[in-house]
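A short write-up of the structure that comes next.
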Amino acid sequence: MARKARNTLDSNLVLLTQISDEHVFRNDEDRAYFLNLLEKTQNQYNCNVLAFCCAEENGFQLVIDTLGAHISRIMQSISISYAMYRKSEQRLFTQRYKSYPLHSIEQLKEVIQEI
């Protein structure tokens, strides 16, 4: 059965969470590659990464201002590019990412402090 399509979010500010059953970041080199990838993604999709956390070994969190770009294309680019870099024998990201719209500056500040 096909996956249900995501609803279009009503906010350009979004908290994105991606987890894996494997260690996503094995070392600081992996994290450096990921940060470089985020910079390239910002340029390619004309979006702004406002905050990120790649401290956990099994996933990452991003706060993005999409500036109207499609979140699914942004996350697909990040996930596929990073998985290709890792050359994992199994799928690195087996679960879908979670997206949470942020509707106010207060919500944005709160989420950034938590990250």
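Identifiers for the structure tokens are assigned positionally: chains receive A, B, ... in sequence, residues are indexed from 1 per chain, and ligands are indexed from 1 in the order shown.
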
Practice task
Excluding Phe25 (chain A) and any residue of its chain fewer than 2 positions from it, enumerate the residues within 7 Å of it, using only C-alpha atoms, and give them as a PyMOL selection string.
Solution key: chain A and resi 23+27+30-31+57-58

Handout entry: Shell around Leu38 (chain A) at 12 Å using only C-alpha atoms, local window under 3 positions removed, as a PyMOL selection string
Key = chain A and resi 31-35+41-54+60-64+74-75+77-79+81-82

Problem - Selected residue, from A:Val14, A:Asp28, A:Glu22, A:Lys40, that lies nearest to Glu89 (chain A) when counting only C-alpha atoms - result: A:Glu22

Practice task
Identify all residues of chain A in helix (DSSP H, G or I) (DSSP on the backbone) and supply them as a PyMOL selection string.
Solution key: chain A and resi 28-45+71-86+105-114

Same residues, C-alpha atoms, output as a JSON list (two decimals), in the first residue's frame:
```
[["chain", "number", "residue", "atom", "x", "y", "z"],
["A", 28, "ASP", "CA", 32.99, 14.34, 13.60],
["A", 29, "GLU", "CA", 33.88, 13.84, 9.92],
["A", 30, "ASP", "CA", 30.32, 12.65, 9.30],
["A", 31, "ARG", "CA", 28.96, 15.70, 11.10],
["A", 32, "ALA", "CA", 31.21, 18.03, 9.08],
["A", 33, "TYR", "CA", 30.00, 16.44, 5.85],
["A", 34, "PHE", "CA", 26.40, 16.83, 6.99],
["A", 35, "LEU", "CA", 26.91, 20.53, 7.79],
["A", 36, "ASN", "CA", 28.46, 21.07, 4.37],
["A", 37, "LEU", "CA", 25.47, 19.29, 2.86],
["A", 38, "LEU", "CA", 23.11, 21.63, 4.73],
["A", 39, "GLU", "CA", 24.93, 24.63, 3.28],
["A", 40, "LYS", "CA", 24.65, 23.25, -0.26],
["A", 41, "THR", "CA", 20.95, 22.50, 0.29],
["A", 42, "GLN", "CA", 20.29, 26.07, 1.42],
["A", 43, "ASN", "CA", 21.84, 27.37, -1.78],
["A", 44, "GLN", "CA", 20.12, 24.85, -4.03],
["A", 45, "TYR", "CA", 16.59, 25.27, -2.62],
["A", 71, "ILE", "CA", 9.98, 20.48, 2.46],
["A", 72, "SER", "CA", 9.82, 17.03, 0.90],
["A", 73, "ARG", "CA", 12.32, 17.98, -1.82],
["A", 74, "ILE", "CA", 14.65, 19.55, 0.72],
["A", 75, "MET", "CA", 14.57, 16.50, 3.00],
["A", 76, "GLN", "CA", 14.82, 14.08, 0.10],
["A", 77, "SER", "CA", 17.94, 15.86, -1.10],
["A", 78, "ILE", "CA", 19.53, 15.81, 2.36],
["A", 79, "SER", "CA", 18.61, 12.19, 3.13],
["A", 80, "ILE", "CA", 19.65, 10.73, -0.21],
["A", 81, "SER", "CA", 22.90, 12.71, -0.45],
["A", 82, "TYR", "CA", 23.92, 11.81, 3.09],
["A", 83, "ALA", "CA", 22.99, 8.12, 2.67],
["A", 84, "MET", "CA", 25.08, 7.98, -0.52],
["A", 85, "TYR", "CA", 28.01, 9.50, 1.37],
["A", 86, "ARG", "CA", 27.64, 6.89, 4.11],
["A", 105, "ILE", "CA", 8.31, 33.79, 16.87],
["A", 106, "GLU", "CA", 7.72, 32.53, 20.43],
["A", 107, "GLN", "CA", 7.39, 28.95, 19.16],
["A", 108, "LEU", "CA", 10.52, 29.40, 17.06],
["A", 109, "LYS", "CA", 12.53, 30.70, 20.04],
["A", 110, "GLU", "CA", 11.30, 27.86, 22.25],
["A", 111, "VAL", "CA", 12.20, 25.17, 19.72],
["A", 112, "ILE", "CA", 15.63, 26.65, 19.04],
["A", 113, "GLN", "CA", 16.39, 26.70, 22.77],
["A", 114, "GLU", "CA", 15.35, 23.04, 23.08]]
```

Practice task
Taking the DSSP assignment computed from this structure's backbone, write out as a list in words all residues of region 7-95 of chain A that belong to strand (DSSP E).
Solution key: Leu13, Val14, Leu15, Leu16, Thr17, Gln18, Ile19, Asn48, Val49, Leu50, Ala51, Phe52, Cys53, Gly59, Phe60, Gln61, Leu62, Val63, Ile64 and Asp65 of chain A

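In this model, the gap between CA of Gly68 (chain A) and CA of Ser20 (chain A) comes to 27.2 Å.
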
Problem - Which of A:Asp65, A:Leu16, A:Val24, A:Glu56 sits closest to Lys98 (chain A) [using only C-alpha atoms] - result: A:Leu16

Problem - CA of Leu102 (chain A) to CA of Ile115 (chain A), distance in Å rounded to a single decimal - result: 14.0 Å
